[in-house]
Structures are given as structure tokens and as C-alpha cells.
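Step one of this worksheet: look at the structure below.
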Amino acid sequence: MFPLTDHVLIFTIMISMIMLAPLLGSLLKIPDMVLLLIAGAVLGVNGLGILERNEAITLLGEIGLLYIMFLAGLEIDLYEFSRTKLKSISFGFITFLIPQVLGAVVVYYVLGDWTWAGAILMASMFASHTLLAYPVAAKLGIQRSQPVTISVGATIVTDTLALLVLAVIVDASQDIALDFRFWVSLLLALTLLVLAITLIIPRLARWFFKNVSESGGTQFLFVLTVVCACAYFSQYARMKPLIGAFLAGAALNRQIPSHSALMNRLEFVGNNLFIPFFLISVGMLVDPAVLVADPETWKVIGVMVGMVVVTKYTAAWVTGMIFGYKSSERNVMFGLTVVQAAATLAAALVGFDAGLLNDAALNGAIAMIMVTVPLGSAVVQRSGRKMALADVGSSRVLRLEQRLLLGIRNAESVSSLMEIGLLMRDKSSPGGLYPLTIVSDQYETKFAVADGEKLLAQCINQGSAAGVEVEPQLRVDMNPVDGIIRGVRELRATTVIAGWNEKITTGNLIFGSTQERLTETCPSRVMVCRILKPLATNKILRLPMPPLSEYRNDLSTLIRESKLLAKQAGVDIHLYLSGPAAESLKTSFENAQPGCETKVTLCKTWKECRQKLFTDMGSDDLILLPQIRRDTVLWTPTLDHLPALIASQFPENNFIVIYPEIQREESFQGAIALPADDSFPEIRGVDFPVGQPAEAVITHVVKEALPDDEEMVEEAIPALVDSAKLTPVDLTEEVVLLHGHCGEKDGPLLLVGSGEPLRPFFDHDSAPRILVCLLSPRDDSPEIHLRSLARVAKRFRHPGMKAKLAQARRTAEICQLLADVGEEDA
């Protein structure tokens with residue numbers, strides 16, 4: 001009757017054990033992986049004999065072993081690892097050398113009857129370790145902490161060195177000469193393996209993810225194929241498959257966002273199928289009868305278990321003291337690195353087949369696994385909980401409420417907006433994800449509601465696939481902006497995420513002509529997103545910080561969320577800064593969490609900053625542009641055209657515009673240094689000459705307005721011409737605003753010229769009839785100059801001004817209109 005042969009019944013029993021293990025583990029306060037090992041030992045042929053460790057179980061177990069190493073590489077914080085690579089390498093060598101050297105000496109002299117080759121091979125089992133306790137750290141949320149990161153990084157060092165020892169000892173036992181040629185070929189093969197995986201796999205994955213969606217699970221199968229292929233080909237470098245699986249995970253680390261549907265599927269399949277099968281299959285290797293019958297086995301077990309615990313704890317303690325870690329952090333490092341399984345089994349089985357290890361050593365290796373797995377898991381569980389609680393206490397003030405409202409308009413916007421929402425959602429912050437669709441209160445409302453419910457169902461499905469709960473919302477309203485604003489107030493949303501119309505590249509948002517109303521009246525932050533391809537395929541997030549960004553009321557949120565987005569999407573941030581606050585902004589970015597790779601470009605002026613941005617742009621770059629709401633204190637008209645300009649010049653790039661929440665102007669008093677006389681610039685009017693090109697008209701206006709100041713004329717003309725070529729501001733269809741610094745006047749001057757429409761106006765489509773030129777003193781700060789620009793633009797956008805300007809035919813009338821508006825505001 002036993003062992004069972006019915007495949008369906010065998011699978012049913014194993015799945016039942018996998019299901020019951022976490023339930024019993026939480027009840028008995030025992031790690032579920034320990035219960036799975038015990039279940040394998042009890043039900044295996046050496047226990048009750050119910051299950052046989054056949055080829056199917058062995059295959060699933062081997063895949064589970066690869067999966068453990070793959071997930072460890074996939075979830076490692078590469079940025080933190082790059083910052084701590086010296087610590088990881090140092091810990092890797094320490095936790096390898098101490099067990100390897102001390103273990104070989106103790107085995108040779110204490111156990112006796114062992115050759116140096118056998119003693120060195122057995123010591124390599126103490127030196128290696130497997131990250132079986134890593135899922136415990138991940139569940140506690142400490143997987144990205146520095147002690148865990150350097151422990152994971154040390155794994156590749158220790159296991160690589162241990163498997164190198166295995167390969168060398170086995171080759172030596174087969175009378176292969178360990179000459180110079182042998183070492184060169186071994187190191188060359190290992191180098192080629194690492195280069196092949198790290199250079200080819202990311203490019204292949206980026207191409208595949210860009211062209212194939214995850215809707216049918218194809219991306220999951222692609223990743224699984226890559227992992228198995230890397231594991232297989234690693235054997236040609238004389239490395240065990242687990243090294244290839246770890247390298248595959250590290251290579252795919254930045255291509256698979258942690259809050260994506262693909263990551264959720266990978267973790268689900270691994271943690272609920274492959275890894276439990278591996279643990280059960282390992283438990284089946286235990287033979288209680290041999291442990292009782294052979295007293296020599298107990299001596300071997302005592303030495304092996306004692307040495308691995310003592311030497312691994314010593315290595316973690318020494319490293320922790322060197323790097324100044326707390327006791328709980330040192331214990332977590334010990335718990336992660338004491339666990340023996342993968343490389344231990346490999347060394348034991350290979351050494352046994354080669355005749356270097358006996359039955360006692362093989363059983364000792366199994367016993368070592370049975371002891372270190374629960375020990376490591378328990379230590380990580382206990383000390384990791386202390387780390388997690390300490391982290392919560394130290395960072396509680398930073399975890400602000402985050403309630404993201406997604407403006408869903410059509411089926412095409414669901415995928416892109418949900419992707420942004422999932423990446424921006426900080427699970428450590430309270431809040432939620434709220435997809436909202438607005439149904440027009442017109443005829444056939446019930447059918448429109450049904451269509452809206454279908455859109456929200458897609459949002460629920462995408463959120464469920466990523467393991468994130470969403471709360472769909474539907475509103476009936478005549479106006480989509482009013483519906484969104486009502487939703488913001490009812491849900492207390494902190495950020496609205498809306499879509500950009502892909503068919504329009506002139507600045508219109510997904511709600512068409514309602515863009516201005518949304519940004520003017522929506523009280524929360526607004527993110528306008530044009531997502532044309534998966535964010536995981538992006539390489540760089542380019543973030544230009546416009547003038548006065550240091551005064552944004554959402555600056556800390558902007559920094560945190562931009563770094564979170566970069567980290568989740570697996571991209572580096574390239575930051576563009578200018579002006580006197582550049583250094584302070586740079587420091588704020590570097591100190592903010594989460595950590596991610598950041599490159600900073602410092603420029604003297606915003607103009608240089610923007611030119612540098614346009615020069616550096618690549619087709620796979622994501623642009624994140626902070627904007628200011630129109631006519632607010634920090635607003636300047638020079639930024640108005642920038643989103644449309646970027647959208648038109650880079651039509652294939654992903655693009656996000658961020659507006660801060662509405663804040664009253666009084667809250668900025670004292671924040672920005674303004675001149676004592678905060679009056680409107682002095683106005684001087686000049687008529688256009690007839691039939692002259694635009695540059696000649698600018699020259700004429702400046703000379704006529706400044707007849708007695710040749711030095712200022714010489715500075716003003718090239719400054720305004722440059723402004724006309726690079727940054728003209730279209731205040732209306734007929735009015736263009738130019739600006740620059742020149743001269744040493746006591747205050748700014750506003751030159752107003754009018755006449756026949758200027759065609760052509762340099763390389764622009766506009767044909768202005770009214771030319772407005774703002775000239776600020778040379779020594780005025782950017783803040784004061786931009787504030788003057790905002791005052792000028794605000795007067796031209798005064799209610800009714802556009803119609804009055806259309807009727808005004810003389811320059812004097814235009815100047816009088818501007819003066820009258822000032823008197824009304826006063």
C-alpha cells in the first residue's frame with residue numbers, strides 16, 4: 001500500500017501539507033518552513049513511508065531551490081547593495097573564511113580518520129548558507145534594511161566560494177592538475193557567466209515587456225524560462241544552478257516593479273508551490289533509523305551543528321561590531337546566514353558520490369539542515385520583529401496619509417493610470433487607491449453607468465493581480481471636473497491622477513478644454529500622466545526642478561514620491577537644478593527616503609537647465625515635470641508652454657506633470673524675498689515699424705523706448721531676441737511676452753509695442769500683434785524677476801482684457817488698459 005503510487009492522491013496530500021503548515025505555524029508559533037521539513041520527514045520513506053521522494057518531487061524541489069535564490073536576487077535592494085557592496089563583500093569573506101578555516105581544522109583533528117580534502121569539503125558546508133529564512137524577513141518588512149541587504153549580498157560571495165571549493169576538491173580527487181591553466185579557465189568561465197547574464201537578460205526583458213503584456217501570464221512564463229535557462233547554463237561555468245538563478249533575479253531586479261501584477265504572480269507561485277515542495281523533499285532525506293543505529297553519526301552531527309552555529313555567529317558578531325550594528329541587527333544577520341540547505345546538500349551529495357564523505361557526514365548534513373532551518377527562522381522572526389518595531393517608531397512621522405484618486409475616462413486609460421497608481425502607492429502609509437469614473441447626467445444614464453462599472457471592474461482586476469486592494473468610485477455629474485472635485489472632497493484624496501490625451505500634443509488633458517479648470521479648482525495635488533509604454537521599460541527618470549521649486553508646499557512629498565516611483569520602476573533619477581537653492585535641493589534629495597540612484601546636474605540658469613534636459617533625453621526616459629498652478633504666487637508664464645513643448649518634441653516618451661495642492665497666497669508671505677516697492681513695472685509704449693522682420697521690430701521697440709541709455713540697449717536687444725527664439729510666452733493669440741535681465745535701473749521696465757502681425761515670428765507659429773518686453777535689472781534675483789513676470793501675465797489675463805485688447809489699435813490704448821487694470825485691482 002505504501003508508498004503511495006496514485007499521483008493525484010500524492011499531490012493532494014502534499015498540497016494539504018502546504019496549506020496546513022502556515023495555519024499550524026501561526027497557532028504553534030513555529031515557522032511554517034520547519035513544519036514542512038518535519039512533514040517531509042514523517043511522511044517520507046524513512047518515516048511512515050507514505051510518500052516516496054520520486055523524480056516528480058525531486059524536480060519540484062530543485063525548482064523550489066532555484067526559486068529561493070531567484071527571489072532573493074529579485075528582491076534585493078540594488079541601490080542599497082551598491083552603497084554597501086564593500087560591506088557585503090566584507091561580510092561574505094568573513095562569514096566564509098571563519099567557518100572554512102576553523103571547520104577544516106576541527107574536523108581534521110577532532111573527528112579523526114579524515115583526509116584534508118574531506119575536512120576542507122565538509123568545512124565548505126559550514127561556510128555556505130541558503131536564504132531559507134529570507135521569507136521571514138520579507139514578511140516583517142525588513143528585507144530592504146542594510147543588515148538584510150548585506151546578508152543577501154554576502155550569500156553570493158559565500159556560496160560562490162563554497163561551490164568553488166567543492167569544484168576544486170572534486171577535480172583534485174579525480175587527479176585533475178590544479179595548475180595555472182585550471183584556475184584561469186575556472187575564473188574565465190565564471191566571469192563570462194556573470195557578464196552574459198547581467199548584460200543580456202536586462203535588455204532582453206526590457207524588449208519583451210515592452211512588446212508583450214502580462215494579461216495572459218506570458219511575462220510570468222518568460223521570467224520562469226529565463227531563471228531556468230540561467231540556472232542550467234551556469235553549470236558550464238562549473239557553478240551550481242542556484243548561482244545562475246540568483247544572478248537571474250539580480251538581472252531582472254529593476255525590470256519587475258515590486259507592486260506589479262507580475263511580481264505578485266512570481267511570489268505567489270514560489271511561496272505557495274515550488275518552495276514548499278523543496279522543503280518537503282529535503283525533509284524526506286532524513287533517516288531516523290541510521291541516527292539511532294550508528295553512534296559515530298552523533299559525534300559527526302555534534303561537530304557539524306556546533307561548528308556551523310558557533311562560526312556563523314562569530315562571523316555575524318565580528319561584522320556587526322565592525323559596522324556598528326545593534327544586537328538585533330547582528331542576530332538577524334546570524335539567522336539569515338546560519339541556515340544550511342542548498343549548497344550544503346550539493347556539497348554533501350557530490351562529496352558522497354566522489355567518496356570524500358561517508359554516511360555519517362551525509363546524515364550529519366541532513367541533521368544540520370533540520371537544526372539550522374528552525375534556528376535561523378526563529379532568530380530572524382524574533383530579532384527581525386525588534387528591527388521592524390524600531391523602524392516603525394523612527395519613521396512614523398514620515399508615513400503621511402496617501403489617498404490616490406484615479407480619473408478613469410475610458411478603457412485605454414485604465415491600464416496606464418492603474419500602473420502609475422500601483423507604483424506610487426506607498427504600502428507603509430495609510431490611505432488607499434480610488435479609481436473614479438464620471439458618468440454624464442444626460443440621456444441613457446443607466447447605460448453609461450453600466451459602462452462605467454465595466455471600467456471600474458478592470459481596475460479591480462488589475463489591483464487584485466498586483467495584490468493591492470482598490471476602492472472603485474462612480475459619480476454621476478454633468479461636468480467631469482466637478483465630479484472629480486466632489487470625489488476629492490468626499491474621499492479626502494491627497495492626489496488626483498489624470499490622463500493625457502495621446503492624440504493631442506498641445507497641452508490638452510484627457511478632459512479636453514477642462515484642463516485649466518481642473519488645475520485651478522481641484523484642491524488636492526494633480527498628476528497628469530501620458531503613459532505610452534510600460535514604466536518597467538524606462539531607464540531614467542528625468543526630473544527638472546524649475547525656479548522657486550524650493551517654495552513648493554508639496555516639496556517633501558514631491559521628493560519622496562519621485563524617489564518611490566523611481567525605485568518601484570527600477571530606474572535612476574537624473575535631477576536638473578539651477579539657481580541659488582540648487583545645493584539645498586540636492587541635499588534634500590540625497591537625504592530623503594527611499595534610497596535610489598540619483599545623478600545631479602547643476603546649471604547656472606533655468607535656461608541652461610532646460611537645454612541640458614532636452615539634450616540628454618533618450619527614447620526610453622520618463623519625464624517628471626513639477627508645475628505651478630496658474631496665477632498663484634509661485635507661477636510664472638515661462639513654464640506654461642513647457643508641458644506642450646515636451647509633449648511635442650518627445651512624442652514617444654512617458655511624461656508626468658505634477659501640480660501642488662492649492663494653498664492660500666498669505667501662507668507664502670515672507671517665504672520669497674520681494675523688493676520693498678512691489679509695484680507694477682514702469683510701462684513704455686512704442687508703435688511697430690511697418691514691413692520689418694521680428695528681430696528688427698524688437699530692435700526698434702528697445703531703441704525707441706530707451707533713447708538715452710545705449711548700454712542698456714546693447715544688453716536688452718540680444719536678451720529679448722534670445723527670449724523670442726527660445727522662450728516666448730503666448731499670453732493670448734495676439735500677445736507675446738519676452739523677458740530678460742539688463743541694465744542697472746531701480747526697477748523693472750515693461751516695453752509695449754503694437755502694429756501689424758509679425759509674420760514670421762522667428763521659428764514659431766504665432767503671429768503677434770502686440771509685443772510685451774519685460775526688462776528686469778541685471779542684479780535682480782530669479783525670484784523677483786519671475787514674480788514680475790507673473791504680475792504682467794496676470795494683468796493680460798484679467799477678465800475682459802482679451803476682448804478689450806482686440807479692439808485697441810494704438811499702443812497708447814493698450815498701455816492705458818494695463819494701467820486701468822492695476823487701478824481696479826488696487
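In the C-alpha cells, chains take the letters A, B, ... in the order shown, each chain's residues start at 1, and ligands count up from 1 in the order shown.
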Quiz item: Hey, what's within 6 Å of region 120-130 of chain A if we count only C-alpha atoms and toss same-chain stuff fewer than 2 positions away? As a list in words, please?
Solution: Phe96, Pro99, Gln100, Gly103, Ala104, Trp116, Ala117, Gly118, Leu132, Thr158, Asp159, Ala162, Val308, Thr337, Val339, Gln340, Ala341, Ala342 and Thr344 of chain A
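Each of A:Arg385, A:Arg475, A:Arg330, A:Arg254 was compared to Val148 (chain A) using only C-alpha atoms, and A:Arg330 turns out to be the nearest.
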Practice problem: Compile the contact shell of Arg492 (chain A) as a ChimeraX atom specification: residues with an atom at most 12 Å away, counting only C-alpha atoms, same-chain residues fewer than 3 positions apart removed. | Solution: /A:401-405,431-434,484-489,495-496,522-525
Produce a file of the selected residues containing N, CA and C atoms, as a PDB file, in the first residue's frame.
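Writing done, so here's out32.pdb:
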```
ATOM      1  N   GLU A 401      -0.596  60.209   5.342  1.00  0.00           N
ATOM      2  CA  GLU A 401      -1.699  59.560   4.649  1.00  0.00           C
ATOM      3  C   GLU A 401      -1.586  59.796   3.147  1.00  0.00           C
ATOM      4  N   GLN A 402      -1.835  58.760   2.384  1.00  0.00           N
ATOM      5  CA  GLN A 402      -1.726  58.837   0.927  1.00  0.00           C
ATOM      6  C   GLN A 402      -2.990  58.245   0.314  1.00  0.00           C
ATOM      7  N   ARG A 403      -3.853  59.106  -0.203  1.00  0.00           N
ATOM      8  CA  ARG A 403      -5.115  58.669  -0.810  1.00  0.00           C
ATOM      9  C   ARG A 403      -5.089  59.112  -2.269  1.00  0.00           C
ATOM     10  N   LEU A 404      -4.930  58.149  -3.166  1.00  0.00           N
ATOM     11  CA  LEU A 404      -4.767  58.418  -4.593  1.00  0.00           C
ATOM     12  C   LEU A 404      -6.085  58.210  -5.320  1.00  0.00           C
ATOM     13  N   LEU A 405      -6.550  59.254  -5.992  1.00  0.00           N
ATOM     14  CA  LEU A 405      -7.775  59.178  -6.788  1.00  0.00           C
ATOM     15  C   LEU A 405      -7.404  59.143  -8.263  1.00  0.00           C
ATOM     16  N   GLY A 431      -4.018  54.969   3.862  1.00  0.00           N
ATOM     17  CA  GLY A 431      -4.690  55.548   2.706  1.00  0.00           C
ATOM     18  C   GLY A 431      -5.263  54.481   1.815  1.00  0.00           C
ATOM     19  N   GLY A 432      -5.352  54.770   0.532  1.00  0.00           N
ATOM     20  CA  GLY A 432      -5.929  53.810  -0.396  1.00  0.00           C
ATOM     21  C   GLY A 432      -5.820  54.268  -1.830  1.00  0.00           C
ATOM     22  N   LEU A 433      -6.336  53.421  -2.723  1.00  0.00           N
ATOM     23  CA  LEU A 433      -6.328  53.667  -4.163  1.00  0.00           C
ATOM     24  C   LEU A 433      -7.780  53.713  -4.624  1.00  0.00           C
ATOM     25  N   TYR A 434      -8.202  54.833  -5.220  1.00  0.00           N
ATOM     26  CA  TYR A 434      -9.607  55.049  -5.534  1.00  0.00           C
ATOM     27  C   TYR A 434      -9.796  55.359  -7.023  1.00  0.00           C
ATOM     28  N   ILE A 484     -14.965  65.146 -10.286  1.00  0.00           N
ATOM     29  CA  ILE A 484     -13.677  64.807  -9.672  1.00  0.00           C
ATOM     30  C   ILE A 484     -13.480  65.598  -8.385  1.00  0.00           C
ATOM     31  N   ILE A 485     -13.755  66.886  -8.420  1.00  0.00           N
ATOM     32  CA  ILE A 485     -13.573  67.721  -7.235  1.00  0.00           C
ATOM     33  C   ILE A 485     -14.479  67.255  -6.105  1.00  0.00           C
ATOM     34  N   ARG A 486     -15.709  66.871  -6.448  1.00  0.00           N
ATOM     35  CA  ARG A 486     -16.609  66.335  -5.417  1.00  0.00           C
ATOM     36  C   ARG A 486     -16.053  65.038  -4.834  1.00  0.00           C
ATOM     37  N   GLY A 487     -15.490  64.197  -5.700  1.00  0.00           N
ATOM     38  CA  GLY A 487     -14.879  62.958  -5.227  1.00  0.00           C
ATOM     39  C   GLY A 487     -13.674  63.219  -4.335  1.00  0.00           C
ATOM     40  N   VAL A 488     -12.890  64.237  -4.689  1.00  0.00           N
ATOM     41  CA  VAL A 488     -11.723  64.595  -3.874  1.00  0.00           C
ATOM     42  C   VAL A 488     -12.155  64.982  -2.464  1.00  0.00           C
ATOM     43  N   ARG A 489     -13.203  65.774  -2.366  1.00  0.00           N
ATOM     44  CA  ARG A 489     -13.650  66.226  -1.053  1.00  0.00           C
ATOM     45  C   ARG A 489     -14.277  65.099  -0.241  1.00  0.00           C
ATOM     46  N   THR A 495      -4.078  63.166  -3.751  1.00  0.00           N
ATOM     47  CA  THR A 495      -3.545  63.341  -5.105  1.00  0.00           C
ATOM     48  C   THR A 495      -4.548  62.823  -6.125  1.00  0.00           C
ATOM     49  N   VAL A 496      -4.751  63.595  -7.177  1.00  0.00           N
ATOM     50  CA  VAL A 496      -5.568  63.158  -8.314  1.00  0.00           C
ATOM     51  C   VAL A 496      -4.626  62.786  -9.454  1.00  0.00           C
ATOM     52  N   CYS A 522      -9.189  72.195  -8.400  1.00  0.00           N
ATOM     53  CA  CYS A 522      -9.034  70.954  -7.644  1.00  0.00           C
ATOM     54  C   CYS A 522      -8.143  71.218  -6.425  1.00  0.00           C
ATOM     55  N   PRO A 523      -8.637  71.006  -5.217  1.00  0.00           N
ATOM     56  CA  PRO A 523      -7.859  71.392  -4.031  1.00  0.00           C
ATOM     57  C   PRO A 523      -6.636  70.514  -3.763  1.00  0.00           C
ATOM     58  N   SER A 524      -6.635  69.279  -4.237  1.00  0.00           N
ATOM     59  CA  SER A 524      -5.526  68.362  -3.951  1.00  0.00           C
ATOM     60  C   SER A 524      -4.443  68.476  -5.016  1.00  0.00           C
ATOM     61  N   ARG A 525      -3.349  67.749  -4.817  1.00  0.00           N
ATOM     62  CA  ARG A 525      -2.309  67.672  -5.841  1.00  0.00           C
ATOM     63  C   ARG A 525      -2.876  66.998  -7.081  1.00  0.00           C
TER      64      ARG A 525
END
```
Quiz item: Which residue out of A:Val106, A:Ala133, A:Ile68, A:Ile322 has the minimum interatomic distance to Pro241 (chain A) when only C-alpha atoms are used?
Solution: A:Ile68
Quiz item: Quick one: residues within 12 Å of region 585-594 of chain A, only C-alpha atoms counted, chain neighbours fewer than 6 positions away excluded, as an MDAnalysis selection string?
Solution: chainID A and resid 77 79:80 144:145 395 398:399 426 428 543:552 555:568 573:579 600:602
Practice problem: Quick one: pick out all strand (DSSP E or B) residues within region 340-562 of chain A from a backbone DSSP run and write them as a PyMOL selection string. | Solution: chain A and resi 402-408+431-439+473-476+495-500+509+512+525-530+540-544
Can you spit out the residues from that selection as a short mmCIF file (atom, residue, chain, number, x, y, z; two decimals), in the first residue's frame, using N, CA, C and O atoms?
```
data_model
loop_
_atom_site.label_atom_id
_atom_site.label_comp_id
_atom_site.auth_asym_id
_atom_site.auth_seq_id
_atom_site.Cartn_x
_atom_site.Cartn_y
_atom_site.Cartn_z
N GLN A 402 -1.84 58.76 2.38
CA GLN A 402 -1.73 58.84 0.93
C GLN A 402 -2.99 58.24 0.31
O GLN A 402 -3.20 57.04 0.31
N ARG A 403 -3.85 59.11 -0.20
CA ARG A 403 -5.11 58.67 -0.81
C ARG A 403 -5.09 59.11 -2.27
O ARG A 403 -5.20 60.30 -2.58
N LEU A 404 -4.93 58.15 -3.17
CA LEU A 404 -4.77 58.42 -4.59
C LEU A 404 -6.08 58.21 -5.32
O LEU A 404 -6.66 57.12 -5.27
N LEU A 405 -6.55 59.25 -5.99
CA LEU A 405 -7.77 59.18 -6.79
C LEU A 405 -7.40 59.14 -8.26
O LEU A 405 -6.71 60.04 -8.76
N LEU A 406 -7.84 58.11 -8.99
CA LEU A 406 -7.52 57.94 -10.40
C LEU A 406 -8.71 58.35 -11.25
O LEU A 406 -9.80 57.77 -11.11
N GLY A 407 -8.53 59.34 -12.13
CA GLY A 407 -9.60 59.78 -13.00
C GLY A 407 -9.70 58.89 -14.23
O GLY A 407 -8.99 59.11 -15.21
N ILE A 408 -10.57 57.88 -14.21
CA ILE A 408 -10.71 56.91 -15.30
C ILE A 408 -11.74 57.43 -16.30
O ILE A 408 -12.91 57.61 -15.96
N GLY A 431 -4.02 54.97 3.86
CA GLY A 431 -4.69 55.55 2.71
C GLY A 431 -5.26 54.48 1.81
O GLY A 431 -5.61 53.38 2.27
N GLY A 432 -5.35 54.77 0.53
CA GLY A 432 -5.93 53.81 -0.40
C GLY A 432 -5.82 54.27 -1.83
O GLY A 432 -5.29 55.34 -2.13
N LEU A 433 -6.34 53.42 -2.72
CA LEU A 433 -6.33 53.67 -4.16
C LEU A 433 -7.78 53.71 -4.62
O LEU A 433 -8.52 52.74 -4.45
N TYR A 434 -8.20 54.83 -5.22
CA TYR A 434 -9.61 55.05 -5.53
C TYR A 434 -9.80 55.36 -7.02
O TYR A 434 -9.73 56.52 -7.44
N PRO A 435 -10.02 54.35 -7.87
CA PRO A 435 -10.37 54.63 -9.27
C PRO A 435 -11.75 55.28 -9.33
O PRO A 435 -12.72 54.79 -8.74
N LEU A 436 -11.85 56.39 -10.05
CA LEU A 436 -13.10 57.15 -10.13
C LEU A 436 -13.46 57.38 -11.59
O LEU A 436 -12.62 57.84 -12.37
N THR A 437 -14.69 57.05 -11.96
CA THR A 437 -15.17 57.38 -13.30
C THR A 437 -16.40 58.26 -13.17
O THR A 437 -17.24 58.07 -12.27
N ILE A 438 -16.49 59.26 -14.02
CA ILE A 438 -17.60 60.22 -14.00
C ILE A 438 -18.54 59.90 -15.15
O ILE A 438 -18.13 59.84 -16.32
N VAL A 439 -19.81 59.68 -14.82
CA VAL A 439 -20.84 59.40 -15.82
C VAL A 439 -21.66 60.65 -16.04
O VAL A 439 -22.12 61.28 -15.09
N GLN A 473 -14.95 54.00 -7.39
CA GLN A 473 -15.93 55.04 -7.13
C GLN A 473 -16.58 55.44 -8.46
O GLN A 473 -15.91 55.52 -9.48
N LEU A 474 -17.89 55.69 -8.42
CA LEU A 474 -18.61 56.15 -9.61
C LEU A 474 -19.46 57.35 -9.22
O LEU A 474 -20.16 57.32 -8.20
N ARG A 475 -19.39 58.40 -10.02
CA ARG A 475 -20.17 59.61 -9.77
C ARG A 475 -20.94 59.98 -11.04
O ARG A 475 -20.43 59.80 -12.16
N VAL A 476 -22.15 60.49 -10.85
CA VAL A 476 -22.96 61.00 -11.97
C VAL A 476 -22.94 62.51 -11.88
O VAL A 476 -23.33 63.10 -10.87
N THR A 495 -4.08 63.17 -3.75
CA THR A 495 -3.55 63.34 -5.10
C THR A 495 -4.55 62.82 -6.12
O THR A 495 -5.11 61.74 -5.94
N VAL A 496 -4.75 63.59 -7.18
CA VAL A 496 -5.57 63.16 -8.31
C VAL A 496 -4.63 62.79 -9.45
O VAL A 496 -3.74 63.56 -9.81
N ILE A 497 -4.81 61.60 -10.01
CA ILE A 497 -4.01 61.14 -11.15
C ILE A 497 -4.91 61.09 -12.37
O ILE A 497 -5.86 60.29 -12.41
N ALA A 498 -4.66 61.96 -13.34
CA ALA A 498 -5.47 62.04 -14.56
C ALA A 498 -4.62 61.69 -15.76
O ALA A 498 -3.39 61.67 -15.68
N GLY A 499 -5.28 61.43 -16.88
CA GLY A 499 -4.57 61.01 -18.08
C GLY A 499 -4.38 62.13 -19.08
O GLY A 499 -5.10 63.13 -19.08
N TRP A 500 -3.40 61.95 -19.94
CA TRP A 500 -3.09 62.90 -21.02
C TRP A 500 -3.60 62.29 -22.32
O TRP A 500 -3.36 61.12 -22.59
N LEU A 509 -5.57 67.99 -21.74
CA LEU A 509 -5.59 66.76 -20.96
C LEU A 509 -6.71 65.87 -21.43
O LEU A 509 -7.45 66.17 -22.36
N GLY A 512 -10.01 67.28 -22.09
CA GLY A 512 -10.10 68.29 -23.14
C GLY A 512 -9.89 69.70 -22.62
O GLY A 512 -8.91 70.00 -21.96
N ARG A 525 -3.35 67.75 -4.82
CA ARG A 525 -2.31 67.67 -5.84
C ARG A 525 -2.88 67.00 -7.08
O ARG A 525 -3.74 66.12 -6.99
N VAL A 526 -2.35 67.38 -8.24
CA VAL A 526 -2.82 66.82 -9.51
C VAL A 526 -1.62 66.30 -10.29
O VAL A 526 -0.63 67.01 -10.47
N MET A 527 -1.72 65.05 -10.74
CA MET A 527 -0.71 64.46 -11.60
C MET A 527 -1.35 64.14 -12.95
O MET A 527 -2.33 63.40 -13.02
N VAL A 528 -0.81 64.71 -14.02
CA VAL A 528 -1.30 64.46 -15.37
C VAL A 528 -0.29 63.55 -16.07
O VAL A 528 0.89 63.91 -16.20
N CYS A 529 -0.73 62.39 -16.50
CA CYS A 529 0.18 61.33 -16.95
C CYS A 529 -0.07 60.96 -18.41
O CYS A 529 -1.22 60.70 -18.81
N ARG A 530 1.00 60.95 -19.18
CA ARG A 530 0.95 60.38 -20.53
C ARG A 530 1.86 59.15 -20.52
O ARG A 530 3.07 59.25 -20.57
N ILE A 540 15.61 55.85 -17.27
CA ILE A 540 15.96 57.01 -16.45
C ILE A 540 14.72 57.85 -16.20
O ILE A 540 13.89 58.03 -17.10
N LEU A 541 14.56 58.34 -14.98
CA LEU A 541 13.53 59.33 -14.66
C LEU A 541 14.21 60.69 -14.61
O LEU A 541 15.07 60.93 -13.76
N ARG A 542 13.86 61.56 -15.54
CA ARG A 542 14.47 62.89 -15.61
C ARG A 542 13.55 63.89 -14.92
O ARG A 542 12.38 64.04 -15.29
N LEU A 543 14.10 64.58 -13.94
CA LEU A 543 13.32 65.48 -13.09
C LEU A 543 13.94 66.87 -13.08
O LEU A 543 14.89 67.13 -12.34
N PRO A 544 13.44 67.80 -13.91
CA PRO A 544 13.93 69.18 -13.86
C PRO A 544 13.16 69.97 -12.79
O PRO A 544 11.93 69.93 -12.75
#
```
Self-check item: Selection near region 82-85 of chain A, 8 Å with only C-alpha atoms, sequence-local residues under 6 positions removed, as a PyMOL selection string
Solution: chain A and resi 146+150+153
Just write the chosen residues, N, CA and C atoms, as a PDB file, in the first residue's frame.
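As written to disk, out-v3.pdb reads:
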```pdb
ATOM      1  N   GLN A 146      19.667  47.515   5.813  1.00  0.00           N
ATOM      2  CA  GLN A 146      21.064  47.264   5.467  1.00  0.00           C
ATOM      3  C   GLN A 146      21.588  45.921   5.971  1.00  0.00           C
ATOM      4  N   ILE A 150      23.086  43.310   3.172  1.00  0.00           N
ATOM      5  CA  ILE A 150      24.458  42.825   3.081  1.00  0.00           C
ATOM      6  C   ILE A 150      24.517  41.319   3.327  1.00  0.00           C
ATOM      7  N   GLY A 153      23.645  39.990  -0.067  1.00  0.00           N
ATOM      8  CA  GLY A 153      24.804  40.177  -0.934  1.00  0.00           C
ATOM      9  C   GLY A 153      25.946  39.253  -0.574  1.00  0.00           C
TER      10      GLY A 153
END
```
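Residues within 6 Å of region 278-290 of chain A, counting only C-alpha atoms and excluding same-chain residues fewer than 4 positions away, are Leu36, Leu37, Gly40, Ala41, Gly44, Asn46, Gly61, Gly64 and Asp294 of chain A.
We find CA of Ala347 (chain A) and CA of Asn54 (chain A) to be spaced 20.9 Å apart.
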Exercise. Fewer than 6 positions away in the same chain doesn't count, so skip those; otherwise give me all residues within 9 Å of Met387 (chain A), counting only C-alpha atoms, as a count of residues only.
Key: 5
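The nearest approach to Leu187 (chain A) among the residues A:Ala205, A:Ala231, A:Leu199, A:Leu161, with only C-alpha atoms taken into account, belongs to A:Leu161.
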